[in-house]
Structures are given as structure tokens and as C-alpha cells.
$ cat input-v8.txt   # compact mmCIF, C-alpha atoms
# COMPACT_ATOMS: atom_id res chain seq x y z
CA MET B 1 -20.57 22.00 -1.80
CA ALA B 2 -23.83 20.22 -1.23
CA GLY B 3 -24.45 16.71 -2.47
CA GLU B 4 -27.37 15.56 -4.54
CA PRO B 5 -29.75 12.69 -3.78
CA ARG B 6 -28.52 9.33 -4.91
CA THR B 7 -29.85 8.26 -8.28
CA THR B 8 -30.25 4.50 -8.63
CA PRO B 9 -30.35 3.29 -12.22
CA GLU B 10 -33.60 1.69 -13.26
CA PRO B 11 -33.68 -1.67 -15.06
CA GLY B 12 -32.59 -1.07 -18.62
CA ASP B 13 -30.64 2.07 -17.68
CA ASP B 14 -27.79 2.76 -20.10
CA ARG B 15 -25.04 1.95 -17.61
CA THR B 16 -22.34 1.02 -20.08
CA ALA B 17 -18.80 -0.17 -19.95
CA ASP B 18 -17.77 3.50 -20.09
CA ALA B 19 -19.62 4.31 -16.87
CA PRO B 20 -19.98 1.07 -14.90
CA LEU B 21 -20.20 2.93 -11.59
CA ARG B 22 -22.98 5.33 -12.52
CA GLY B 23 -25.30 5.56 -9.51
CA LYS B 24 -22.60 4.35 -7.11
CA VAL B 25 -21.32 6.43 -4.19
CA ALA B 26 -17.70 6.41 -3.04
CA LEU B 27 -15.73 8.00 -0.23
CA VAL B 28 -12.02 8.47 -0.85
CA ALA B 29 -10.52 9.44 2.49
CA GLY B 30 -7.23 11.22 1.89
CA ALA B 31 -7.80 12.42 -1.67
CA THR B 32 -5.89 15.70 -1.73
CA ARG B 33 -3.05 14.38 -3.90
CA GLY B 34 -1.17 11.25 -4.89
CA ALA B 35 -2.93 7.89 -4.96
CA GLY B 36 -6.06 9.30 -3.33
CA ARG B 37 -6.52 11.87 -6.06
CA GLY B 38 -5.86 9.30 -8.79
CA ILE B 39 -8.38 6.91 -7.26
CA ALA B 40 -11.04 9.59 -6.86
CA VAL B 41 -10.65 10.77 -10.46
CA GLU B 42 -10.82 7.26 -11.92
CA LEU B 43 -13.91 6.43 -9.85
CA GLY B 44 -15.40 9.61 -11.29
CA ALA B 45 -14.39 8.56 -14.80
CA ALA B 46 -16.38 5.37 -14.21
CA GLY B 47 -19.43 7.49 -13.35
CA ALA B 48 -19.42 7.47 -9.55
CA THR B 49 -20.33 10.21 -7.11
CA VAL B 50 -17.16 10.65 -5.08
CA TYR B 51 -16.78 12.37 -1.71
CA VAL B 52 -13.16 13.47 -1.37
CA THR B 53 -11.63 14.40 1.96
CA GLY B 54 -8.42 15.83 3.30
CA ARG B 55 -7.06 18.70 5.36
CA THR B 56 -5.83 21.02 2.62
CA THR B 57 -8.44 23.33 1.12
CA ARG B 58 -8.27 26.50 -0.95
CA THR B 59 -8.36 28.52 2.26
CA ARG B 60 -6.28 26.36 4.59
CA ARG B 61 -3.24 24.11 4.23
CA SER B 62 -2.07 21.15 6.30
CA GLU B 63 1.48 20.88 7.59
CA TYR B 64 2.47 19.60 4.14
CA ASP B 65 2.07 23.22 3.01
CA ARG B 66 1.46 22.21 -0.59
CA ALA B 67 -0.79 23.70 -3.24
CA GLU B 68 -2.99 20.66 -3.98
CA THR B 69 -6.50 20.92 -2.48
CA ILE B 70 -9.53 18.70 -2.07
CA GLU B 71 -11.60 21.18 -4.07
CA ASP B 72 -9.20 20.70 -6.97
CA THR B 73 -9.63 16.94 -6.67
CA ALA B 74 -13.42 17.26 -6.62
CA ASP B 75 -13.30 19.40 -9.77
CA LEU B 76 -11.16 16.77 -11.49
CA VAL B 77 -13.65 14.06 -10.52
CA THR B 78 -16.50 16.05 -12.05
CA ALA B 79 -14.49 16.83 -15.18
CA ALA B 80 -13.78 13.12 -15.59
CA GLY B 81 -17.50 12.35 -15.75
CA GLY B 82 -18.52 11.73 -12.16
CA ARG B 83 -19.62 14.07 -9.39
CA GLY B 84 -16.95 15.27 -6.99
CA ILE B 85 -17.89 16.53 -3.54
CA ALA B 86 -15.14 18.00 -1.36
CA VAL B 87 -15.56 17.73 2.42
CA PRO B 88 -12.71 19.08 4.59
CA THR B 89 -12.00 16.39 7.18
CA ASP B 90 -9.27 15.63 9.67
CA HIS B 91 -9.58 11.87 10.03
CA LEU B 92 -7.97 11.93 13.47
CA GLU B 93 -10.96 13.90 14.74
CA GLN B 94 -13.77 11.47 15.47
CA ASP B 95 -16.48 14.14 15.46
CA GLN B 96 -15.44 15.29 11.99
CA VAL B 97 -15.44 11.75 10.59
CA LYS B 98 -18.84 11.00 12.12
CA ALA B 99 -20.24 14.21 10.65
CA LEU B 100 -18.83 13.28 7.24
CA VAL B 101 -20.44 9.84 7.30
CA ASP B 102 -23.73 11.25 8.62
CA ARG B 103 -23.75 13.70 5.72
CA ILE B 104 -23.15 10.98 3.15
CA GLY B 105 -25.89 8.88 4.73
CA ALA B 106 -28.34 11.78 4.63
CA GLU B 107 -27.51 12.79 1.06
CA GLN B 108 -27.03 9.36 -0.51
CA ASP B 109 -28.63 6.82 1.86
CA GLY B 110 -25.70 4.50 1.45
CA LEU B 111 -22.10 4.00 0.43
CA ASP B 112 -20.77 1.56 -2.17
CA VAL B 113 -17.00 2.14 -2.01
CA LEU B 114 -14.80 3.24 0.89
CA VAL B 115 -11.13 3.93 0.20
CA ASN B 116 -8.80 4.61 3.11
CA ASP B 117 -5.80 6.41 1.64
CA ILE B 118 -5.03 8.69 4.59
CA TRP B 119 -1.29 9.11 5.07
CA GLY B 120 0.32 12.45 5.88
CA GLY B 121 3.59 10.94 7.06
CA GLU B 122 5.91 11.89 4.22
CA HIS B 123 8.05 14.15 6.39
CA LEU B 124 7.84 12.12 9.58
CA PHE B 125 10.08 9.10 9.02
CA GLY B 126 13.83 8.77 8.71
CA TRP B 127 15.28 6.37 6.13
CA ASP B 128 17.09 3.44 7.74
CA GLN B 129 16.92 5.08 11.18
CA PRO B 130 16.62 2.50 14.01
CA VAL B 131 13.82 3.13 16.46
CA TRP B 132 16.17 4.33 19.23
CA GLU B 133 17.57 7.04 16.94
CA HIS B 134 14.29 7.99 15.26
CA ASP B 135 12.47 11.08 16.49
CA LEU B 136 9.87 9.52 18.77
CA ASP B 137 7.25 12.23 18.47
CA LYS B 138 7.43 12.11 14.69
CA GLY B 139 7.24 8.32 14.66
CA LEU B 140 4.18 8.25 16.90
CA ARG B 141 2.56 11.03 14.88
CA LEU B 142 3.17 9.02 11.70
CA HIS B 143 1.50 6.00 13.25
CA ARG B 144 -1.51 8.05 14.29
CA LEU B 145 -1.88 9.58 10.83
CA ALA B 146 -1.32 6.36 8.89
CA VAL B 147 -3.08 3.81 11.09
CA GLU B 148 -5.38 5.41 13.64
CA THR B 149 -7.09 7.48 10.94
CA HIS B 150 -7.94 4.32 9.01
CA ALA B 151 -9.42 2.68 12.08
CA ILE B 152 -11.53 5.74 12.93
CA THR B 153 -12.82 6.05 9.38
CA SER B 154 -13.65 2.37 9.10
CA HIS B 155 -15.47 2.46 12.45
CA PHE B 156 -17.86 5.17 11.33
CA ALA B 157 -18.16 4.48 7.59
CA LEU B 158 -18.49 0.70 7.36
CA PRO B 159 -22.01 0.52 8.80
CA LEU B 160 -23.09 2.80 5.95
CA LEU B 161 -21.25 0.60 3.45
CA LEU B 162 -23.11 -2.44 4.79
CA ARG B 163 -26.55 -0.98 4.15
CA ARG B 164 -26.49 -2.62 0.74
CA PRO B 165 -24.77 -5.87 -0.31
CA GLY B 166 -21.72 -5.80 -2.51
CA GLY B 167 -19.81 -2.93 -0.91
CA LEU B 168 -16.06 -2.56 -1.40
CA HIS B 169 -13.53 -1.34 1.15
CA VAL B 170 -9.97 -0.63 -0.04
CA GLU B 171 -7.04 -0.08 2.31
CA VAL B 172 -4.24 1.67 0.40
CA THR B 173 -0.72 0.89 1.59
CA ASP B 174 2.84 0.57 0.30
CA GLY B 175 3.94 -2.95 -0.56
CA THR B 176 2.19 -6.27 -0.98
CA ALA B 177 1.85 -8.70 1.90
CA ASP B 178 4.36 -11.02 0.20
CA TYR B 179 6.94 -8.27 -0.32
CA ASN B 180 6.57 -6.61 3.07
CA GLY B 181 6.55 -9.96 4.80
CA VAL B 182 10.23 -10.51 4.00
CA ASN B 183 11.56 -6.99 3.43
CA TYR B 184 12.39 -4.20 5.88
CA ARG B 185 10.54 -1.07 4.76
CA ASN B 186 12.64 2.04 5.39
CA SER B 187 12.32 2.36 9.19
CA PHE B 188 10.59 0.87 12.22
CA PHE B 189 7.70 3.34 12.13
CA TYR B 190 7.20 3.24 8.36
CA ASP B 191 7.38 -0.55 8.31
CA LEU B 192 4.92 -0.80 11.20
CA ALA B 193 2.44 1.59 9.59
CA LYS B 194 2.38 0.00 6.14
CA ASN B 195 2.15 -3.53 7.51
CA SER B 196 -0.60 -2.50 9.91
CA VAL B 197 -2.71 -1.36 6.98
CA LEU B 198 -2.16 -4.69 5.23
CA ARG B 199 -3.38 -6.47 8.35
CA MET B 200 -6.40 -4.17 8.56
CA ALA B 201 -7.63 -5.40 5.19
CA PHE B 202 -7.08 -9.01 6.23
CA SER B 203 -9.03 -8.52 9.47
CA LEU B 204 -11.80 -6.54 7.81
CA GLY B 205 -12.14 -9.29 5.23
CA HIS B 206 -13.18 -11.60 8.05
CA GLU B 207 -15.63 -9.04 9.39
CA LEU B 208 -17.11 -7.79 6.11
CA GLY B 209 -17.15 -10.98 4.05
CA PRO B 210 -19.94 -12.74 5.94
CA ARG B 211 -21.94 -9.51 5.76
CA GLY B 212 -21.82 -9.24 1.98
CA ALA B 213 -18.95 -6.78 1.51
CA THR B 214 -15.31 -7.07 0.46
CA ALA B 215 -12.10 -5.69 1.96
CA VAL B 216 -8.88 -5.49 -0.07
CA ALA B 217 -5.41 -4.10 0.60
CA LEU B 218 -4.02 -2.34 -2.45
CA THR B 219 -0.60 -0.91 -3.20
CA PRO B 220 0.53 1.20 -6.13
CA GLY B 221 4.01 0.62 -7.48
CA TRP B 222 6.64 3.33 -7.69
CA MET B 223 4.17 6.14 -8.11
CA ARG B 224 4.80 9.47 -9.78
CA SER B 225 2.93 11.48 -7.19
CA GLU B 226 3.25 15.25 -7.03
CA ILE B 227 5.72 14.93 -4.16
CA MET B 228 7.80 12.28 -5.92
CA LEU B 229 8.04 14.32 -9.10
CA ASP B 230 9.12 17.34 -7.09
CA ALA B 231 11.75 15.26 -5.30
CA PHE B 232 13.29 14.33 -8.66
CA GLY B 233 12.92 17.85 -10.02
CA VAL B 234 10.76 16.74 -12.95
CA THR B 235 7.14 16.92 -14.10
CA GLU B 236 4.80 14.31 -15.50
CA GLU B 237 5.69 15.56 -18.98
CA ASN B 238 9.46 15.06 -18.61
CA TRP B 239 9.64 12.45 -15.85
CA ARG B 240 12.04 10.29 -17.85
CA ASP B 241 14.72 12.92 -17.26
CA ALA B 242 14.97 11.48 -13.74
CA LEU B 243 16.27 8.17 -15.13
CA THR B 244 19.76 9.67 -15.37
CA ASP B 245 19.99 9.71 -11.56
CA GLN B 246 17.67 6.79 -10.85
CA PRO B 247 17.37 4.35 -13.77
CA HIS B 248 14.91 2.08 -11.93
CA PHE B 249 12.41 4.96 -11.95
CA ALA B 250 11.59 3.65 -15.43
CA ILE B 251 9.12 1.24 -13.82
CA SER B 252 7.14 4.09 -12.25
CA GLU B 253 3.43 4.70 -12.79
CA THR B 254 0.93 7.55 -12.50
CA PRO B 255 -1.61 7.78 -9.65
CA HIS B 256 -4.29 7.00 -12.23
CA TYR B 257 -3.01 3.43 -12.51
CA VAL B 258 -3.96 2.50 -8.95
CA GLY B 259 -7.13 4.53 -9.49
CA ARG B 260 -8.08 2.30 -12.38
CA ALA B 261 -7.38 -0.72 -10.19
CA VAL B 262 -9.93 0.51 -7.64
CA ALA B 263 -12.47 1.31 -10.35
CA ALA B 264 -12.05 -2.18 -11.80
CA LEU B 265 -12.55 -3.80 -8.39
CA ALA B 266 -15.63 -1.67 -7.72
CA ALA B 267 -17.20 -2.67 -11.04
CA ASP B 268 -16.46 -6.39 -10.65
CA PRO B 269 -19.57 -8.38 -9.59
CA ASP B 270 -17.21 -11.15 -8.45
CA VAL B 271 -14.94 -8.88 -6.38
CA ALA B 272 -15.52 -11.06 -3.29
CA ARG B 273 -12.90 -13.47 -4.69
CA PHE B 274 -10.30 -10.92 -3.50
CA ASN B 275 -11.73 -10.52 0.01
CA GLY B 276 -9.04 -10.15 2.66
CA THR B 277 -6.19 -10.26 0.15
CA SER B 278 -3.30 -8.00 -0.76
CA GLN B 279 -3.23 -6.73 -4.34
CA SER B 280 -1.12 -4.36 -6.44
CA SER B 281 -1.98 -2.05 -9.30
CA GLY B 282 0.30 -4.00 -11.63
CA GLY B 283 -1.12 -7.34 -10.57
CA LEU B 284 -4.73 -6.24 -11.04
CA ALA B 285 -3.90 -4.79 -14.44
CA GLN B 286 -3.09 -8.33 -15.54
CA VAL B 287 -6.48 -9.49 -14.25
CA TYR B 288 -8.68 -6.70 -15.58
CA GLY B 289 -6.72 -5.49 -18.60
CA PHE B 290 -6.57 -1.77 -17.76
CA THR B 291 -3.48 0.28 -18.51
CA ASP B 292 -1.74 3.37 -17.20
CA LEU B 293 -2.28 6.66 -19.03
CA ASP B 294 0.48 5.85 -21.52
CA GLY B 295 -1.05 2.49 -22.44
CA SER B 296 1.55 0.42 -20.55
CA ARG B 297 1.04 -2.02 -17.66
CA PRO B 298 3.95 -1.52 -15.23
CA ASP B 299 4.36 -4.40 -12.78
CA ALA B 300 6.53 -2.68 -10.19
CA TRP B 301 6.54 -5.24 -7.39
CA ARG B 302 7.59 -8.12 -9.66
CA TYR B 303 10.25 -5.80 -11.08
CA LEU B 304 11.55 -4.96 -7.61
CA VAL B 305 11.92 -8.62 -6.69
CA GLU B 306 13.36 -9.83 -9.99
CA VAL B 307 15.46 -6.85 -11.11
CA GLN B 308 16.06 -4.00 -8.66
CA ASP B 309 16.52 -5.99 -5.45
CA THR B 310 18.83 -8.47 -7.13
CA GLY B 311 21.17 -5.70 -8.25
CA LYS B 312 20.54 -6.10 -11.96
CA PRO B 313 20.79 -3.03 -14.22
CA ALA B 314 17.54 -1.22 -14.89
CA ASP B 315 15.60 -2.84 -17.71
CA VAL B 316 11.78 -2.73 -17.78
CA THR B 317 11.50 -5.06 -20.76
CA GLY B 318 8.70 -7.48 -19.93
CA TYR B 319 7.62 -5.47 -16.87
CA ARG B 320 5.59 -2.69 -18.48

$ encode --input "input-v8.txt" --output "C-alpha cells"
Amino acid sequence: MAGEPRTTPEPGDDRTADAPLRGKVALVAGATRGAGRGIAVELGAAGATVYVTGRTTRTRRSEYDRAETIEDTADLVTAAGGRGIAVPTDHLEQDQVKALVDRIGAEQDGLDVLVNDIWGGEHLFGWDQPVWEHDLDKGLRLHRLAVETHAITSHFALPLLLRRPGGLHVEVTDGTADYNGVNYRNSFFYDLAKNSVLRMAFSLGHELGPRGATAVALTPGWMRSEIMLDAFGVTEENWRDALTDQPHFAISETPHYVGRAVAALAADPDVARFNGTSQSSGGLAQVYGFTDLDGSRPDAWRYLVEVQDTGKPADVTGYR
């Protein structure tokens, strides 16, 4: 699918609160499903042109072997009001990432938002498995997919982001810096990957800030991704049926919630105040006032600390 030339709004253009990102160009790396798809769609809903990448297309699947495709995501972006452009990309392959960025540069002459949401490690880590028992090949593969891909993409895409002042770079991870700093996250390799991404945003804040751009680490809460819903045997329509087995799932949120967090950051002229920091979808909802699709504002990480991790019975009163 070919892109179209970038259209920059003229003074007096009707860029309204409903489309604050009209004329902006975004790249969501890892947008096949989950948070990446939610982010891409919400950027589109705000009017942006969004390049969406991943390894699963309508003609070829990744090792996930799932039905979601980047073409589907691009169609959802366009239906939401933006322009979705699907570009099959393996972000471990430097030549493919360079070609992707060169294409965006040629078609749009710049990039306003870069989101690194590449993951691919769902089936590669063992829960509570110490490093000496963990499958080493799977652990190293997870690290390559979750960390090396982000570094490669940032290396090639950030010069394009810096062509104009005010660019935003978002590193999507699992857990805030405060939470991950004192909590063991599932296994050595998972913990290492998610904390590495947090540190990436911190480091990039030092490198991008003086050059007029902003880097932020962002985590969703307990997200009702396609894979999570399947794991509980429910759909988005009947997800509350899962509360019988896991009552704390009541704090969960859709992928659109973190998507709205990214859209709010991208539309904020004072976004530099968050440079180098760690943020959550629930925390930013309190700042910007957006809600999840059901009108609620789940604050999952505060809930985890104050309710779930302390062993209290599930009760989301005051947390969504």
C-alpha cells in the first residue's frame, strides 16, 4: 500500500480537538495486535497517518501463528479517521528497518511519533523459572525480540524524527519504573527485557531532549489483548466472565486505553515535561482526562500495589 505525500495544515486549518494529530505522521513498530494495534488505531482516531509494522500479514504468519495482521490494523486506523499504511517488517533485520524508515522519509519527509511496541516473546518465557532452569535459547530469543529490535528501530528512525522539533518517542513496556524497581517480574529474561526498555526511554530522554524531542516509557495495565482474552476463554463482550477464576481481572483495560495515552502525549505541546520518565495508561488518564472505551479510568498499577499485592480481596472501587 503506497503512502501519500505529507499534508501540513496551513494557518487557520480546522485542526480541532477531534483530530489534533491531523497532518502528523507516526510509526507504530509492532502493531499487529495488542497494545500496538490499540495505539495505532487511537493515533488514527486523532487524525494521524500511521505506518504499522509487524511480521504477520494476510499471506504470511509469524511464529505466533495467529489471525491478526498488520493489514487489518491499517484498515482499523483508516476506519477510525486516520490513514493506515501497513509495511511488513521484521525489526531484527536491519536492512528491512532501514528500508522502512527510508520509505517514510521519502513519502512524508519526516516523522512526528515513533512507538516501539515490538515484543513477540509471549511463548518464550517461563513463569518463575530461575535462569539456570529456563530454556536458554528461548530466553536469548526473547531478549533479541524485546530489546534488540527496539535499539535497531530507534537507530534508524530517530534521525527522521529529529528533522522537526517536537517529536515524540514512546517505548512500550510492562510495569512502571517504580513498580519494576522493587518487584521481580516473572522470570530473569522477562524482568531483564521489560526493565531494559524502561532504561531505553531514560537514556533516550538524555539524547533526544536537548535536540527538541521527547522520549517516554509507557506501560498499559492489565490489558485485555487478543491473547489475554483467549487465555481466559472470553471475548471483549463477555470478559467479566473471567472474574470467576481471576477476580483481580476486574481492573483490566482495553488496548485502546494505552492508545489514548499515546495520542494525548502526541497532542500535548508541553509533552517535554515527561521526557525520560516512566508513565502508565492509568496515570496519564488522570492527567489528560481520557477514558477507556467503557468510560472508566482504570488505574492498574496503583491497584496492584494497594490491593492485589497486599492480598486484599478484589475490589476496584476507587481504581476505575

$ atom_distance --input "input-v8.txt" --atom1 "atom CA of B:Val115" --atom2 "atom CA of B:Gly30"
8.4 Å

$ closest_residue --input "input-v8.txt" --among "B:Arg33, B:Leu142, B:Thr219, B:Gly110" --to "B:Asn180" --atoms "only C-alpha atoms"
B:Thr219

$ closest_residue --input "input-v8.txt" --among "B:Glu148, B:Asp299, B:Asp128, B:Asp245" --to "B:Val258" --atoms "only C-alpha atoms"
B:Asp299

$ closest_residue --input "input-v8.txt" --among "B:Leu284, B:Val87, B:Ala19, B:Leu208" --to "B:Tyr51" --atoms "only C-alpha atoms"
B:Val87

$ closest_residue --input "input-v8.txt" --among "B:Val131, B:Ile227, B:Glu107, B:Ala26" --to "B:Tyr64" --atoms "all atoms listed in the file"
B:Ile227

$ atom_distance --input "input-v8.txt" --atom1 "atom CA of B:Phe232" --atom2 "atom CA of B:Asp135"
25.4 Å

$ atom_distance --input "input-v8.txt" --atom1 "atom CA of B:Ala193" --atom2 "atom CA of B:Asp137"
14.7 Å

$ closest_atom_pairs --input "input-v8.txt" --of "stretch 154-246 of chain B" --to "stretch 310-319 of chain B" --cutoff "12 Å" --atoms "only C-alpha atoms" --output "tab-separated table"
residue	atom	partner	partner_atom	distance
B:Gly221	CA	B:Tyr319	CA	11.8
B:Leu243	CA	B:Ala314	CA	9.5
B:Thr244	CA	B:Ala314	CA	11.1
B:Asp245	CA	B:Ala314	CA	11.7
B:Gln246	CA	B:Ala314	CA	9.0

$ closest_residue --input "input-v8.txt" --among "B:Gly38, B:Pro20, B:Pro130, B:Gly276" --to "B:Leu293" --atoms "only C-alpha atoms"
B:Gly38

$ closest_residue --input "input-v8.txt" --among "B:Tyr303, B:Phe290, B:Phe274, B:Trp132" --to "B:Phe249" --atoms "all atoms listed in the file"
B:Tyr303

$ residues_around --input "input-v8.txt" --residues "B:Asp294" --least-positions-apart "4" --cutoff "12 Å" --atoms "only C-alpha atoms" --output "short mmCIF file (atom, residue, chain, number, x, y, z; two decimals) with C-alpha atoms, keeping the file's coordinate frame"
data_model
loop_
_atom_site.label_atom_id
_atom_site.label_comp_id
_atom_site.auth_asym_id
_atom_site.auth_seq_id
_atom_site.Cartn_x
_atom_site.Cartn_y
_atom_site.Cartn_z
CA GLU B 236 4.80 14.31 -15.50
CA GLU B 237 5.69 15.56 -18.98
CA SER B 252 7.14 4.09 -12.25
CA GLU B 253 3.43 4.70 -12.79
CA THR B 254 0.93 7.55 -12.50
CA HIS B 256 -4.29 7.00 -12.23
CA TYR B 257 -3.01 3.43 -12.51
CA PHE B 290 -6.57 -1.77 -17.76
CA PRO B 298 3.95 -1.52 -15.23
CA ARG B 320 5.59 -2.69 -18.48
#

$ residues_near_point --input "input-v8.txt" --point "(-20.0, -5.7, 2.3)" --cutoff "10 Å" --atoms "only C-alpha atoms" --output "list of chain:residue names"
B:Asp112, B:Val113, B:Leu158, B:Pro159, B:Leu160, B:Leu161, B:Leu162, B:Arg163, B:Arg164, B:Pro165, B:Gly166, B:Gly167, B:Leu168, B:His169, B:Leu204, B:Gly205, B:Glu207, B:Leu208, B:Gly209, B:Pro210, B:Arg211, B:Gly212, B:Ala213, B:Thr214, B:Ala215, B:Ala272, B:Asn275

$ write_last_selection --input "input-v8.txt" --atoms "C-alpha atoms" --output "short mmCIF file (atom, residue, chain, number, x, y, z; two decimals), in the coordinates of the input"
data_model
loop_
_atom_site.label_atom_id
_atom_site.label_comp_id
_atom_site.auth_asym_id
_atom_site.auth_seq_id
_atom_site.Cartn_x
_atom_site.Cartn_y
_atom_site.Cartn_z
CA ASP B 112 -20.77 1.56 -2.17
CA VAL B 113 -17.00 2.14 -2.01
CA LEU B 158 -18.49 0.70 7.36
CA PRO B 159 -22.01 0.52 8.80
CA LEU B 160 -23.09 2.80 5.95
CA LEU B 161 -21.25 0.60 3.45
CA LEU B 162 -23.11 -2.44 4.79
CA ARG B 163 -26.55 -0.98 4.15
CA ARG B 164 -26.49 -2.62 0.74
CA PRO B 165 -24.77 -5.87 -0.31
CA GLY B 166 -21.72 -5.80 -2.51
CA GLY B 167 -19.81 -2.93 -0.91
CA LEU B 168 -16.06 -2.56 -1.40
CA HIS B 169 -13.53 -1.34 1.15
CA LEU B 204 -11.80 -6.54 7.81
CA GLY B 205 -12.14 -9.29 5.23
CA GLU B 207 -15.63 -9.04 9.39
CA LEU B 208 -17.11 -7.79 6.11
CA GLY B 209 -17.15 -10.98 4.05
CA PRO B 210 -19.94 -12.74 5.94
CA ARG B 211 -21.94 -9.51 5.76
CA GLY B 212 -21.82 -9.24 1.98
CA ALA B 213 -18.95 -6.78 1.51
CA THR B 214 -15.31 -7.07 0.46
CA ALA B 215 -12.10 -5.69 1.96
CA ALA B 272 -15.52 -11.06 -3.29
CA ASN B 275 -11.73 -10.52 0.01
#

$ residues_near_point --input "input-v8.txt" --point "(-9.6, 2.7, -4.8)" --cutoff "10 Å" --atoms "all atoms listed in the file" --output "PyMOL selection string"
chain B and resi 26-29+35-43+113-117+168-172+216-219+258-266

$ axis_aligned_box --input "input-v8.txt" --around "stretch 217-231 of chain B" --padding-each-side "8 Å" --output "lines of an AutoDock Vina configuration file"
center_x = 3.2
center_y = 6.6
center_z = -4.6
size_x = 33.2
size_y = 37.4
size_z = 26.4

$ residues_around --input "input-v8.txt" --residues "B:Val101" --least-positions-apart "5" --cutoff "9 Å" --atoms "all atoms listed in the file" --output "list in words"
Gln96, Ala106, Thr153, Phe156, Ala157 and Leu160 of chain B

$ write_last_selection --input "input-v8.txt" --atoms "C-alpha atoms" --output "PDB file, in the coordinates of the input"
ATOM      1  CA  GLN B  96     -15.440  15.290  11.990  1.00  0.00           C
ATOM      2  CA  ALA B 106     -28.340  11.780   4.630  1.00  0.00           C
ATOM      3  CA  THR B 153     -12.820   6.050   9.380  1.00  0.00           C
ATOM      4  CA  PHE B 156     -17.860   5.170  11.330  1.00  0.00           C
ATOM      5  CA  ALA B 157     -18.160   4.480   7.590  1.00  0.00           C
ATOM      6  CA  LEU B 160     -23.090   2.800   5.950  1.00  0.00           C
TER       7      LEU B 160
END
